[in-house]
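Structure file data_39.txt; described as compact mmCIF, C-alpha atoms and all ligand atoms.
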```txt
# COMPACT_ATOMS: atom_id res chain seq x y z
CA MET C 1 114.21 69.03 58.73
CA SER C 2 115.94 66.26 60.58
CA HIS C 3 118.63 66.16 63.21
CA SER C 4 120.64 63.28 64.47
CA PRO C 5 120.50 62.53 68.15
CA SER C 6 123.36 64.32 69.87
CA ASP C 7 123.59 62.07 72.89
CA ILE C 8 123.06 58.41 73.52
CA THR C 9 120.35 58.70 76.14
CA PRO C 10 117.24 56.91 74.93
CA PRO C 11 115.01 59.59 73.48
CA ALA C 12 111.35 59.98 74.21
CA ALA C 13 109.91 57.97 71.36
CA SER C 14 107.11 60.35 70.45
CA HIS C 15 109.28 63.07 68.94
CA TRP C 16 111.48 60.71 67.02
CA VAL C 17 111.03 58.63 63.94
CA ALA C 18 113.14 55.79 62.55
CA CYS C 19 113.91 55.66 58.85
CA GLN C 20 111.93 52.81 57.25
CA ASP C 21 114.85 51.80 55.05
CA CYS C 22 117.90 52.05 57.36
CA ASP C 23 116.51 52.41 60.92
CA GLN C 24 118.38 55.68 61.50
CA LEU C 25 116.84 57.47 64.47
CA LEU C 26 115.85 61.00 63.58
CA GLN C 27 114.17 63.91 65.25
CA THR C 28 111.60 65.60 63.08
CA ALA C 29 109.53 68.70 63.25
CA VAL C 30 105.93 68.73 62.05
CA LEU C 31 106.10 69.43 58.35
CA SER C 32 103.97 71.90 56.51
CA GLU C 33 102.34 70.76 53.31
CA HIS C 34 104.70 70.37 50.30
CA GLN C 35 107.64 69.81 52.65
CA ARG C 36 109.49 66.52 52.55
CA ALA C 37 111.68 64.94 55.18
CA ARG C 38 114.59 62.89 53.90
CA CYS C 39 116.82 60.49 55.77
CA PRO C 40 120.40 61.84 55.78
CA ARG C 41 121.84 58.32 55.94
CA CYS C 42 120.08 56.57 53.05
CA GLY C 43 118.05 59.31 51.34
CA ALA C 44 114.64 57.72 51.94
CA ARG C 45 111.58 59.92 52.01
CA LEU C 46 110.57 59.38 55.60
CA GLU C 47 107.25 57.76 56.36
CA GLY C 48 105.42 58.44 59.57
CA VAL C 49 106.26 62.13 59.78
CA ALA C 50 103.38 64.31 60.86
CA VAL C 51 102.20 66.83 58.30
CA LYS C 52 100.25 69.87 59.36
CA SER C 53 97.50 69.79 56.77
CA LEU C 54 95.72 73.08 56.45
CA HIS C 55 93.04 71.86 54.11
CA ARG C 56 91.06 68.72 54.70
CA TYR C 57 88.67 69.47 51.87
CA PRO C 58 90.72 68.95 48.67
CA GLY C 59 91.33 65.33 49.67
CA LEU C 60 87.74 64.75 50.72
CA ALA C 61 86.41 66.44 47.57
CA ALA C 62 88.69 64.36 45.34
CA ALA C 63 87.59 61.15 47.08
CA ILE C 64 83.90 62.01 46.72
CA ALA C 65 84.40 62.97 43.06
CA GLY C 66 86.25 59.68 42.56
CA LEU C 67 83.40 57.74 44.13
CA ILE C 68 80.87 59.46 41.84
CA LEU C 69 83.08 58.66 38.84
CA PHE C 70 83.66 55.10 39.97
CA PHE C 71 80.33 53.69 38.84
CA PRO C 72 80.40 55.09 35.28
CA ALA C 73 84.09 54.11 35.10
CA ILE C 74 83.34 50.43 35.72
CA SER C 75 80.07 50.19 33.78
CA LEU C 76 80.48 52.42 30.70
CA PRO C 77 82.09 50.88 27.59
CA ILE C 78 85.85 51.55 27.41
CA MET C 79 86.45 50.87 23.72
CA GLU C 80 84.70 49.54 20.67
CA PHE C 81 86.33 47.23 18.16
CA GLU C 82 84.87 46.67 14.71
CA LEU C 83 85.86 44.05 12.15
CA ILE C 84 83.93 43.06 9.01
CA GLY C 85 80.67 44.47 10.27
CA GLN C 86 80.92 42.78 13.68
CA HIS C 87 81.73 44.80 16.75
CA GLY C 88 82.46 44.31 20.40
CA THR C 89 82.84 46.57 23.43
CA ASN C 90 84.18 46.08 26.92
CA THR C 91 83.78 47.55 30.38
CA LEU C 92 86.03 47.23 33.39
CA TRP C 93 83.54 44.97 35.14
CA GLU C 94 83.04 42.76 32.05
CA GLY C 95 86.79 42.26 31.89
CA VAL C 96 86.66 40.56 35.28
CA TRP C 97 83.48 38.63 34.54
CA THR C 98 84.71 37.27 31.18
CA LEU C 99 87.93 35.98 32.72
CA TRP C 100 85.89 34.21 35.42
CA GLN C 101 83.55 32.67 32.85
CA VAL C 102 86.27 31.35 30.56
CA GLY C 103 87.91 29.51 33.45
CA PHE C 104 90.55 31.87 34.91
CA PRO C 105 89.31 32.43 38.47
CA LEU C 106 92.71 33.41 39.95
CA LEU C 107 93.34 35.94 37.22
CA ALA C 108 89.76 37.25 37.48
CA MET C 109 90.12 37.77 41.24
CA LEU C 110 93.47 39.53 40.86
CA VAL C 111 92.08 41.89 38.22
CA LEU C 112 88.98 42.39 40.40
CA LEU C 113 91.14 43.35 43.38
CA CYS C 114 93.56 45.67 41.58
CA SER C 115 91.19 47.45 39.21
CA LEU C 116 87.88 47.46 41.06
CA LEU C 117 87.80 46.46 44.70
CA ALA C 118 90.98 48.22 45.88
CA PRO C 119 90.20 51.62 44.31
CA LEU C 120 86.60 51.46 45.57
CA CYS C 121 87.62 50.57 49.14
CA HIS C 122 90.43 53.16 49.02
CA LEU C 123 87.89 55.87 48.15
CA LEU C 124 85.27 54.74 50.67
CA LEU C 125 87.75 54.43 53.53
CA SER C 126 89.38 57.78 52.65
CA ILE C 127 86.01 59.50 52.78
CA ARG C 128 85.11 57.81 56.07
CA THR C 129 88.48 58.69 57.61
CA SER C 130 88.36 62.34 56.50
CA TRP C 131 84.81 62.58 57.75
CA GLN C 132 85.60 61.10 61.14
CA LEU C 133 88.67 63.30 61.61
CA GLY C 134 86.69 66.38 60.66
CA SER C 135 83.73 65.76 62.93
CA GLU C 136 83.81 66.33 66.68
CA LYS C 137 82.60 62.82 67.51
CA THR C 138 84.90 60.26 69.08
CA LEU C 139 86.62 57.84 66.73
CA PRO C 140 85.21 54.30 66.78
CA PRO C 141 87.28 51.43 68.30
CA SER C 142 87.73 49.98 64.79
CA PHE C 143 89.66 53.09 63.67
CA PRO C 144 93.12 51.39 63.68
CA GLN C 145 91.79 48.51 61.55
CA GLN C 146 90.26 51.03 59.19
CA LEU C 147 93.57 52.85 58.71
CA LYS C 148 95.40 49.55 58.14
CA ALA C 149 92.79 48.50 55.56
CA LEU C 150 93.08 51.91 53.87
CA HIS C 151 96.81 51.42 53.50
CA PHE C 152 96.35 47.88 52.13
CA PHE C 153 93.82 48.91 49.48
CA GLN C 154 95.87 51.96 48.50
CA HIS C 155 98.82 49.62 47.86
CA TRP C 156 96.81 47.21 45.68
CA SER C 157 94.88 49.83 43.72
CA MET C 158 96.41 49.87 40.22
CA VAL C 159 94.18 52.13 38.16
CA GLU C 160 97.25 53.87 36.69
CA VAL C 161 98.49 50.54 35.30
CA TYR C 162 95.00 49.82 33.97
CA ALA C 163 94.90 53.20 32.20
CA ILE C 164 98.17 52.44 30.40
CA SER C 165 96.84 48.94 29.57
CA ILE C 166 93.85 50.54 27.83
CA LEU C 167 96.21 52.65 25.72
CA VAL C 168 98.39 49.67 24.83
CA ALA C 169 95.38 47.49 23.93
CA TYR C 170 93.97 50.36 21.86
CA ILE C 171 97.16 50.83 19.85
CA LYS C 172 97.44 47.07 19.42
CA LEU C 173 93.91 46.83 18.01
CA LEU C 174 94.43 49.81 15.67
CA SER C 175 96.37 47.57 13.31
CA ASP C 176 93.66 44.87 13.26
CA GLY C 177 90.47 46.81 12.61
CA GLU C 178 88.42 49.86 13.52
CA VAL C 179 88.75 50.80 17.17
CA MET C 180 87.39 53.73 19.16
CA LEU C 181 87.89 54.87 22.74
CA LEU C 182 84.51 55.41 24.41
CA SER C 183 83.25 57.30 27.46
CA GLY C 184 84.39 54.65 29.95
CA SER C 185 88.04 55.33 29.21
CA TYR C 186 87.60 59.05 29.95
CA CYS C 187 85.86 58.19 33.23
CA ILE C 188 88.78 55.93 34.15
CA ALA C 189 91.26 58.73 33.36
CA ALA C 190 89.28 61.15 35.57
CA LEU C 191 88.98 58.51 38.31
CA LEU C 192 92.76 58.08 38.17
CA ILE C 193 93.30 61.81 38.76
CA CYS C 194 90.91 61.72 41.74
CA LEU C 195 92.75 58.72 43.21
CA ILE C 196 96.13 60.45 42.85
CA VAL C 197 94.87 63.62 44.57
CA THR C 198 93.23 61.53 47.33
CA SER C 199 96.50 59.70 47.98
CA GLN C 200 98.57 62.87 48.01
CA GLN C 201 96.24 64.65 50.40
CA SER C 202 95.95 61.82 52.91
CA HIS C 203 98.42 61.93 55.77
CA ALA C 204 98.35 58.65 57.66
CA GLU C 205 100.45 59.97 60.56
CA THR C 206 97.98 62.80 61.21
CA ALA C 207 95.15 60.27 61.45
CA TRP C 208 97.19 58.02 63.75
CA GLN C 209 98.03 60.95 66.01
CA ALA C 210 94.36 61.90 66.25
CA TRP C 211 93.60 58.33 67.35
CA GLU C 212 96.46 58.38 69.85
CA ALA C 213 95.33 61.70 71.31
CA GLN C 214 91.84 60.33 71.83
CA GLN C 215 93.17 57.20 73.51
CA LYS C 216 95.17 59.34 75.93
CA ARG C 217 92.06 61.29 76.83
CA ARG C 218 89.97 58.21 77.51
CA PRO C 219 92.13 55.18 78.27
CA ILE C 220 90.31 51.94 77.46
CA MET O 1 126.58 62.41 61.27
CA THR O 2 126.35 60.01 64.17
CA ILE O 3 124.77 56.72 63.22
CA SER O 4 122.30 55.80 65.85
CA THR O 5 119.60 53.32 65.01
CA ALA O 6 116.31 52.81 66.72
CA GLN O 7 117.32 49.25 67.53
CA GLN O 8 120.33 50.49 69.52
CA HIS O 9 117.88 52.30 71.76
CA GLN O 10 115.63 49.24 72.07
CA LEU O 11 113.04 51.06 70.00
CA ALA O 12 110.99 49.11 67.47
CA ARG O 13 109.24 50.79 64.59
CA CYS O 14 105.65 49.65 64.10
CA GLU O 15 105.20 48.21 60.60
CA GLN O 16 101.61 49.44 60.41
CA CYS O 17 101.53 52.91 61.97
CA HIS O 18 105.28 53.70 62.06
CA LYS O 19 105.28 54.65 65.74
CA LEU O 20 108.44 54.00 67.74
CA SER O 21 107.98 52.11 70.97
CA LEU O 22 110.12 50.04 73.28
CA LEU O 23 110.29 46.45 72.08
CA ALA O 24 109.49 45.33 75.63
CA GLU O 25 105.92 46.46 75.04
CA HIS O 26 105.43 43.58 72.52
CA ASN O 27 102.44 45.24 70.87
CA CYS O 28 102.27 48.73 69.44
CA PRO O 29 100.46 50.93 72.00
CA ARG O 30 98.90 52.93 69.19
CA CYS O 31 97.54 50.30 66.80
CA GLY O 32 98.04 46.95 68.53
CA SER O 33 100.27 45.36 65.89
CA PRO O 34 103.02 43.03 67.13
CA LEU O 35 106.39 44.78 67.43
CA SER O 36 109.76 43.58 66.19
CA PHE O 37 113.05 45.28 65.32
CA ARG O 38 113.11 43.83 61.80
CA ARG O 39 110.42 42.14 59.72
CA PRO O 40 110.16 38.64 61.21
CA HIS O 41 111.69 35.80 59.13
CA SER O 42 112.35 38.37 56.42
CA LEU O 43 115.00 36.38 54.54
CA GLN O 44 113.35 32.95 54.86
CA ARG O 45 110.03 34.24 53.55
CA CYS O 46 111.69 36.21 50.79
CA TRP O 47 113.74 33.16 49.69
CA ALA O 48 110.67 30.91 49.67
CA LEU O 49 108.57 33.37 47.65
CA CYS O 50 111.41 34.07 45.20
CA LEU O 51 111.98 30.34 44.63
CA ALA O 52 108.28 29.73 44.02
CA ALA O 53 108.15 32.70 41.65
CA THR O 54 111.24 31.48 39.77
CA PHE O 55 109.66 28.05 39.21
CA LEU O 56 106.43 29.64 38.01
CA LEU O 57 108.35 31.82 35.53
CA PHE O 58 108.86 28.67 33.40
CA PRO O 59 105.16 27.87 32.78
CA ALA O 60 104.47 31.61 32.52
CA ASN O 61 106.97 31.97 29.68
CA LEU O 62 106.74 28.57 27.97
CA LEU O 63 102.96 28.00 27.92
CA PRO O 64 100.65 30.03 25.66
CA ILE O 65 99.35 33.20 27.30
CA MET O 66 96.94 34.28 24.57
CA THR O 67 95.44 32.89 21.36
CA VAL O 68 94.26 35.31 18.71
CA VAL O 69 91.72 33.50 16.52
CA ASN O 70 91.27 35.24 13.17
CA LEU O 71 88.80 33.84 10.62
CA GLY O 72 88.67 30.47 12.29
CA SER O 73 92.40 29.87 12.70
CA GLY O 74 94.88 31.02 15.27
CA ASP O 75 98.15 30.00 16.89
CA PRO O 76 98.61 30.15 20.64
CA ASP O 77 101.20 32.78 21.58
CA THR O 78 103.64 32.70 24.45
CA ILE O 79 104.63 36.04 25.99
CA MET O 80 107.76 36.17 23.84
CA SER O 81 106.17 35.09 20.53
CA GLY O 82 103.43 37.67 21.11
CA ILE O 83 106.08 40.34 21.49
CA VAL O 84 107.85 39.17 18.32
CA LYS O 85 104.54 39.37 16.42
CA LEU O 86 103.97 42.92 17.66
CA TRP O 87 107.47 43.84 16.51
CA ILE O 88 106.93 42.30 13.05
CA ASN O 89 103.59 44.12 12.73
CA ASP O 90 105.42 47.47 13.09
CA LEU O 91 104.24 48.01 16.64
CA GLN O 92 107.76 48.31 18.05
CA GLY O 93 106.76 50.80 20.76
CA ILE O 94 104.09 48.46 22.14
CA ALA O 95 106.42 45.49 21.77
CA ILE O 96 109.00 47.26 23.95
CA ILE O 97 106.41 48.23 26.61
CA VAL O 98 105.08 44.65 26.83
CA PHE O 99 108.63 43.25 26.84
CA VAL O 100 109.65 45.52 29.71
CA ALA O 101 106.50 44.89 31.76
CA SER O 102 106.16 41.13 31.19
CA ILE O 103 109.70 39.82 30.79
CA LEU O 104 112.22 42.36 32.02
CA VAL O 105 110.42 43.51 35.20
CA PRO O 106 109.77 40.04 36.72
CA ILE O 107 113.29 38.81 35.92
CA ILE O 108 115.01 41.99 37.13
CA LYS O 109 112.88 41.89 40.28
CA LEU O 110 113.87 38.33 41.09
CA LEU O 111 117.55 38.91 40.29
CA ALA O 112 117.60 42.10 42.37
CA LEU O 113 115.97 40.41 45.36
CA LEU O 114 118.41 37.55 45.02
CA LEU O 115 121.33 39.99 44.98
CA LEU O 116 119.99 41.87 48.02
CA MET O 117 119.50 38.66 49.98
CA LEU O 118 123.02 37.54 49.11
CA VAL O 119 124.39 40.94 50.17
CA VAL O 120 122.78 40.46 53.58
CA GLN O 121 123.65 36.80 54.02
CA LEU O 122 127.21 36.83 52.65
CA HIS O 123 128.05 40.38 53.82
CA LEU O 124 128.96 41.39 50.28
CA PRO O 125 130.72 44.77 50.31
CA LEU O 126 128.37 46.60 47.96
CA HIS O 127 127.41 50.25 48.30
CA LYS O 128 124.55 50.32 50.79
CA GLY O 129 122.91 53.42 49.36
CA GLN O 130 122.78 51.82 45.92
CA CYS O 131 121.36 48.57 47.34
CA THR O 132 118.63 50.61 49.02
CA LEU O 133 117.92 52.41 45.74
CA LEU O 134 117.62 49.02 44.03
CA TYR O 135 115.17 47.90 46.71
CA ARG O 136 113.04 51.03 46.28
CA PHE O 137 113.11 50.54 42.51
CA ILE O 138 111.82 46.94 42.66
CA HIS O 139 109.19 47.97 45.16
CA PHE O 140 107.98 50.70 42.83
CA VAL O 141 108.18 48.77 39.58
CA GLY O 142 106.45 45.55 40.70
CA ARG O 143 102.90 46.69 40.07
CA TRP O 144 103.65 47.41 36.40
CA SER O 145 103.84 43.67 35.71
CA MET O 146 100.06 43.71 35.95
CA LEU O 147 100.04 45.50 32.58
CA ASP O 148 99.94 42.34 30.46
CA LEU O 149 97.22 40.77 32.62
CA PHE O 150 95.01 43.85 32.30
CA ILE O 151 95.60 43.85 28.52
CA ILE O 152 94.47 40.21 28.39
CA SER O 153 91.35 41.06 30.40
CA ILE O 154 90.58 43.92 27.95
CA LEU O 155 91.27 41.94 24.75
CA VAL O 156 89.41 38.82 25.85
CA THR O 157 86.31 40.96 26.42
CA VAL O 158 86.47 43.34 23.49
CA VAL O 159 87.39 40.82 20.78
CA GLN O 160 84.58 38.27 21.10
CA MET O 161 83.23 37.65 17.60
CA GLY O 162 83.01 33.90 17.46
CA ASN O 163 85.05 32.47 14.60
CA ILE O 164 85.66 35.80 12.85
CA ALA O 165 87.92 37.12 15.55
CA ARG O 166 88.41 36.03 19.13
CA VAL O 167 91.07 36.36 21.81
CA ASP O 168 91.39 33.47 24.27
CA ALA O 169 93.50 33.56 27.42
CA GLY O 170 95.99 30.72 27.93
CA PRO O 171 97.25 28.82 30.98
CA ALA O 172 100.39 30.98 31.20
CA ALA O 173 98.19 33.88 32.28
CA THR O 174 97.40 32.19 35.60
CA ALA O 175 101.06 31.31 36.14
CA PHE O 176 102.06 34.87 35.35
CA ALA O 177 99.44 36.25 37.77
CA ALA O 178 100.95 34.04 40.47
CA VAL O 179 104.45 35.35 39.62
CA VAL O 180 103.22 38.94 40.00
CA ILE O 181 101.61 38.24 43.40
CA LEU O 182 104.59 36.24 44.71
CA THR O 183 107.20 38.82 43.67
CA MET O 184 105.17 41.68 45.13
CA LEU O 185 104.90 39.78 48.43
CA ALA O 186 108.61 38.90 48.34
CA ALA O 187 109.54 42.56 47.91
CA SER O 188 107.34 43.54 50.84
CA TYR O 189 108.84 40.85 53.12
CA PHE O 190 112.43 41.86 52.41
CA ASP O 191 113.68 44.27 55.06
CA PRO O 192 116.12 46.87 53.65
CA ARG O 193 117.29 47.70 57.17
CA LEU O 194 119.16 44.39 57.15
CA ILE O 195 121.51 45.91 54.55
CA TRP O 196 122.35 48.83 56.84
CA ASP O 197 122.74 46.56 59.85
CA LEU O 198 125.87 45.21 58.14
CA GLU O 199 127.47 48.63 58.58
CA GLN O 200 127.25 48.38 62.35
CA ASP O 201 128.75 44.90 62.27
CA GLU O 202 131.63 46.30 60.24
CA ASP O 203 132.08 49.17 62.71
CA VAL O 204 132.21 46.76 65.62
CA GLN O 205 134.78 44.63 63.82
CA ALA O 206 136.82 47.71 62.90
CA VAL O 207 137.19 48.76 66.54
CA PRO O 208 138.28 45.63 68.37
CA GLU O 209 139.58 47.53 71.40
CA GLN O 210 136.09 48.66 72.28
CA PRO O 211 135.50 47.74 75.90
CA GLU O 212 133.12 44.86 76.32
CA GLN O 213 129.98 45.74 78.11
CA THR O 214 128.91 43.44 80.85
CA LEU O 215 125.46 43.45 82.25
ZN ZN H 1 117.41 56.01 56.08
ZN ZN H 2 101.45 50.67 65.45
```

Rewritten as structure tokens:
Amino acid sequence: MSHSPSDITPPAASHWVACQDCDQLLQTAVLSEHQRARCPRCGARLEGVAVKSLHRYPGLAAAIAGLILFFPAISLPIMEFELIGQHGTNTLWEGVWTLWQVGFPLLAMLVLLCSLLAPLCHLLLSIRTSWQLGSEKTLPPSFPQQLKALHFFQHWSMVEVYAISILVAYIKLLSDGEVMLLSGSYCIAALLICLIVTSQQSHAETAWQAWEAQQKRRPI
Amino acid sequence: MTISTAQQHQLARCEQCHKLSLLAEHNCPRCGSPLSFRRPHSLQRCWALCLAATFLLFPANLLPIMTVVNLGSGDPDTIMSGIVKLWINDLQGIAIIVFVASILVPIIKLLALLLLMLVVQLHLPLHKGQCTLLYRFIHFVGRWSMLDLFIISILVTVVQMGNIARVDAGPAATAFAAVVILTMLAASYFDPRLIWDLEQDEDVQAVPEQPEQTL
């Protein structure tokens, strides 16, 4: 998919990308879905290559499904632990709140960001972006900030790590008493699938090119 | 394959939107972010964050991270003693997962970043492709250090039965959270392109008869 520049004349920047890991200048074609462009020099999967996405709806549908699942995922009990007649449950939100209450504000805020805030903002911004790209209206001036925020929250969303943490905590508690996985953990698993599909279906470069095309039409 | 980097053509890659533009434009015409050939102050920032993270590794590993109170009594556990207890209680699989996520990953991350920074600064002749692979690996693996912190957040909430059974978080948890944040930031400040820039320096040195260009 990529060719090295044959001559040394400075290329027109728009049809070229630079590898994020080694700065190799490469010419790329627009990829179809399921195609990958790799850097011939260092083997990186190139970022910033336009992908011709045929379907906007799988990504949007996954993000909306994720948003619907988000509220049960944070508020339904994840597991129940029982010992000598006493039992306790937890939810995702209570995990943050308890840490805050027992005097661990930094830890509480980090868990809040990675398990709650980042996935929520990732879903909301994905929906907004898909919606704006799909509609005929002009993109708002805050569109670049929105795409940057989307990337930030996608990076800090760690629901997959949280899902494994639930499993580890569950196995750990099995040896101490009665423990059961409850509905919240299934919601988190489903939310995780929605987040993965949303990430895979979002093509940042396509969104950036839409913004660029609009700017060229109406220079500010 | 001809090696021709964007920098050689005065093109800077936008860190935010990945567009190539001439550095002379200062700000990315597409998203407005400031342009530079390489991440600014990459090595200084990475060194500072790695040093801070290394210092915090000591409280994170020496102070208690969690206390399991069972029927009124409980010993505070450090990360390592918690892992040993899991191993003794026949939970070897879990012990290995927690060991990898909480001890191995932060230490390997710091050592790998240290190695990569030394490669760039001392021009160590290591294989550049493998260094880049190492960089991608630490970038990918960093988030998994959050595992232990999430487990603490789950256990502290679910096991709250007064004196019968209770899990309390310890001061090492905050130190460990800081280590996770600092190492993730350090990995994102390090610029892997600096490794490949060494190759051009070597090429220039290898061909001394190259005519000097005067402006
Ligand atoms: Zn490359
Ligand atoms: Zn940009």

Protein and nucleic acid residues within 10 Å of ligand ZN 2 (chain H) (only C-alpha atoms and all ligand atoms) as an MDAnalysis selection string: (chainID C and resid 144 148 208) or (chainID O and resid 12:21 27:35)

Expected residue set, 9 Å radius at (93.6, 70.5, 45.6), only C-alpha atoms, as a list in words: His55, Tyr57, Pro58, Gly59, Ala61, Ala62, Val197 and Gln201 of chain C

Which residue of O:Val84, O:Ile195, O:Leu57, O:Ile94 approaches ligand ZN 1 (chain H) most closely, using only C-alpha atoms and all ligand atoms: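 Using only C-alpha atoms and all ligand atoms, ligand ZN 1 (chain H) sits closest to O:Ile195.
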
Minimum-distance residue to His127 of chain O, chosen among O:Gln44, O:Phe55, O:Val105, O:Leu198 (using all atoms listed in the file): O:Leu198

Distance filter 12 Å around ligand ZN 1 (chain H), atoms: all atoms listed in the file, out as a PyMOL selection string: (chain C and resi 2+4+17-26+37-47) or (chain O and resi 3-6+128-129+132-133+136+192-197)

Shell around Ala169 of chain C at 12 Å using all atoms listed in the file, local window under 5 positions removed, as a PyMOL selection string: (chain C and resi 78-81+90+162-164+174-176+179-181+185) or (chain O and resi 86+91+94-95+97-98+147-159)

Surrounding residues of Leu107 of chain C excluding itself and chain neighbours under 5 positions, 10 Å, only C-alpha atoms, as number ranges by chain: C: 96, 99-100, 112-113; O: 149-150, 152-153, 173-178

Among the residues C:Leu124, C:Ala73, C:Ala65, C:Leu110, the one that comes closest to chain O [using all atoms listed in the file]: C:Leu110

Between atom CA of Lys52 of chain C and atom CA of Ser32 of chain C - distance in Å to one decimal: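 These two atoms are separated by 5.1 Å.
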
Shell of 7 Å around Gln154 of chain C, all atoms listed in the file, local chain residues under 4 positions omitted, as a PyMOL selection string: chain C and resi 118+122+150

Excluding same-chain residues fewer than 4 positions from Pro40 of chain O, what lies within 9 Å of it counting all atoms listed in the file, as a CSV table (one decimal) with C-alpha atoms, in the coordinates of the input?
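And here's selection24.csv as it stands now:
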```csv
chain,number,residue,atom,x,y,z
O,36,SER,CA,109.8,43.6,66.2
O,45,ARG,CA,110.0,34.2,53.6
O,189,TYR,CA,108.8,40.8,53.1
```

Neighbour list for Phe190 of chain O as a PDB file with C-alpha atoms, in the frame of the given file, cut-off 9 Å, all atoms listed in the file, skip fewer than 5 positions in-chain:
```
ATOM      1  CA  ARG O  39     110.420  42.140  59.720  1.00  0.00           C
ATOM      2  CA  SER O  42     112.350  38.370  56.420  1.00  0.00           C
ATOM      3  CA  LEU O  43     115.000  36.380  54.540  1.00  0.00           C
ATOM      4  CA  ARG O  45     110.030  34.240  53.550  1.00  0.00           C
ATOM      5  CA  CYS O  46     111.690  36.210  50.790  1.00  0.00           C
ATOM      6  CA  LEU O 113     115.970  40.410  45.360  1.00  0.00           C
ATOM      7  CA  LEU O 116     119.990  41.870  48.020  1.00  0.00           C
ATOM      8  CA  MET O 117     119.500  38.660  49.980  1.00  0.00           C
ATOM      9  CA  TYR O 135     115.170  47.900  46.710  1.00  0.00           C
ATOM     10  CA  LEU O 185     104.900  39.780  48.430  1.00  0.00           C
TER      11      LEU O 185
END
```

Within 12 Å of file point (94.0, 60.4, 44.1), counting only C-alpha atoms, expressed as a PyMOL selection string: chain C and resi 58-67+119-120+122-123+126-127+154+157-160+189-202

For the residues in the current selection, export C-alpha atoms as a PDB file, in the frame of the given file.
```
ATOM      1  CA  PRO C  58      90.720  68.950  48.670  1.00  0.00           C
ATOM      2  CA  GLY C  59      91.330  65.330  49.670  1.00  0.00           C
ATOM      3  CA  LEU C  60      87.740  64.750  50.720  1.00  0.00           C
ATOM      4  CA  ALA C  61      86.410  66.440  47.570  1.00  0.00           C
ATOM      5  CA  ALA C  62      88.690  64.360  45.340  1.00  0.00           C
ATOM      6  CA  ALA C  63      87.590  61.150  47.080  1.00  0.00           C
ATOM      7  CA  ILE C  64      83.900  62.010  46.720  1.00  0.00           C
ATOM      8  CA  ALA C  65      84.400  62.970  43.060  1.00  0.00           C
ATOM      9  CA  GLY C  66      86.250  59.680  42.560  1.00  0.00           C
ATOM     10  CA  LEU C  67      83.400  57.740  44.130  1.00  0.00           C
ATOM     11  CA  PRO C 119      90.200  51.620  44.310  1.00  0.00           C
ATOM     12  CA  LEU C 120      86.600  51.460  45.570  1.00  0.00           C
ATOM     13  CA  HIS C 122      90.430  53.160  49.020  1.00  0.00           C
ATOM     14  CA  LEU C 123      87.890  55.870  48.150  1.00  0.00           C
ATOM     15  CA  SER C 126      89.380  57.780  52.650  1.00  0.00           C
ATOM     16  CA  ILE C 127      86.010  59.500  52.780  1.00  0.00           C
ATOM     17  CA  GLN C 154      95.870  51.960  48.500  1.00  0.00           C
ATOM     18  CA  SER C 157      94.880  49.830  43.720  1.00  0.00           C
ATOM     19  CA  MET C 158      96.410  49.870  40.220  1.00  0.00           C
ATOM     20  CA  VAL C 159      94.180  52.130  38.160  1.00  0.00           C
ATOM     21  CA  GLU C 160      97.250  53.870  36.690  1.00  0.00           C
ATOM     22  CA  ALA C 189      91.260  58.730  33.360  1.00  0.00           C
ATOM     23  CA  ALA C 190      89.280  61.150  35.570  1.00  0.00           C
ATOM     24  CA  LEU C 191      88.980  58.510  38.310  1.00  0.00           C
ATOM     25  CA  LEU C 192      92.760  58.080  38.170  1.00  0.00           C
ATOM     26  CA  ILE C 193      93.300  61.810  38.760  1.00  0.00           C
ATOM     27  CA  CYS C 194      90.910  61.720  41.740  1.00  0.00           C
ATOM     28  CA  LEU C 195      92.750  58.720  43.210  1.00  0.00           C
ATOM     29  CA  ILE C 196      96.130  60.450  42.850  1.00  0.00           C
ATOM     30  CA  VAL C 197      94.870  63.620  44.570  1.00  0.00           C
ATOM     31  CA  THR C 198      93.230  61.530  47.330  1.00  0.00           C
ATOM     32  CA  SER C 199      96.500  59.700  47.980  1.00  0.00           C
ATOM     33  CA  GLN C 200      98.570  62.870  48.010  1.00  0.00           C
ATOM     34  CA  GLN C 201      96.240  64.650  50.400  1.00  0.00           C
ATOM     35  CA  SER C 202      95.950  61.820  52.910  1.00  0.00           C
TER      36      SER C 202
END
```

Atomic distance atom CA of Leu106 of chain C - atom CA of Ile181 of chain O, expressed in Å with one decimal: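 These two atoms are separated by 10.7 Å.
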
Gap from atom CA of Phe70 of chain C to atom CA of Tyr186 of chain C - Å, one decimal: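 Value for the atom CA of Phe70 of chain C-atom CA of Tyr186 of chain C distance: 11.5 Å.
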
Nearest to Leu49 of chain O by atom-to-atom distance, counting all atoms listed in the file, from O:Leu110, O:Leu11, O:Leu126, O:Ile164: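 Looking at the shortest contact to Leu49 of chain O, the residue is O:Leu110.
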
Among listed residues C:Cys187, C:Ile68, C:Cys121, C:Ile84, nearest chain O (using all atoms listed in the file):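 Nearest to chain O: C:Ile84.
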
Counting all atoms listed in the file, the option among C:Ile74, C:Ala207, C:Leu125, C:Ile171 closest to Asp90 of chain O: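 Checking each candidate against Asp90 of chain O, we get C:Ile171 as the closest.
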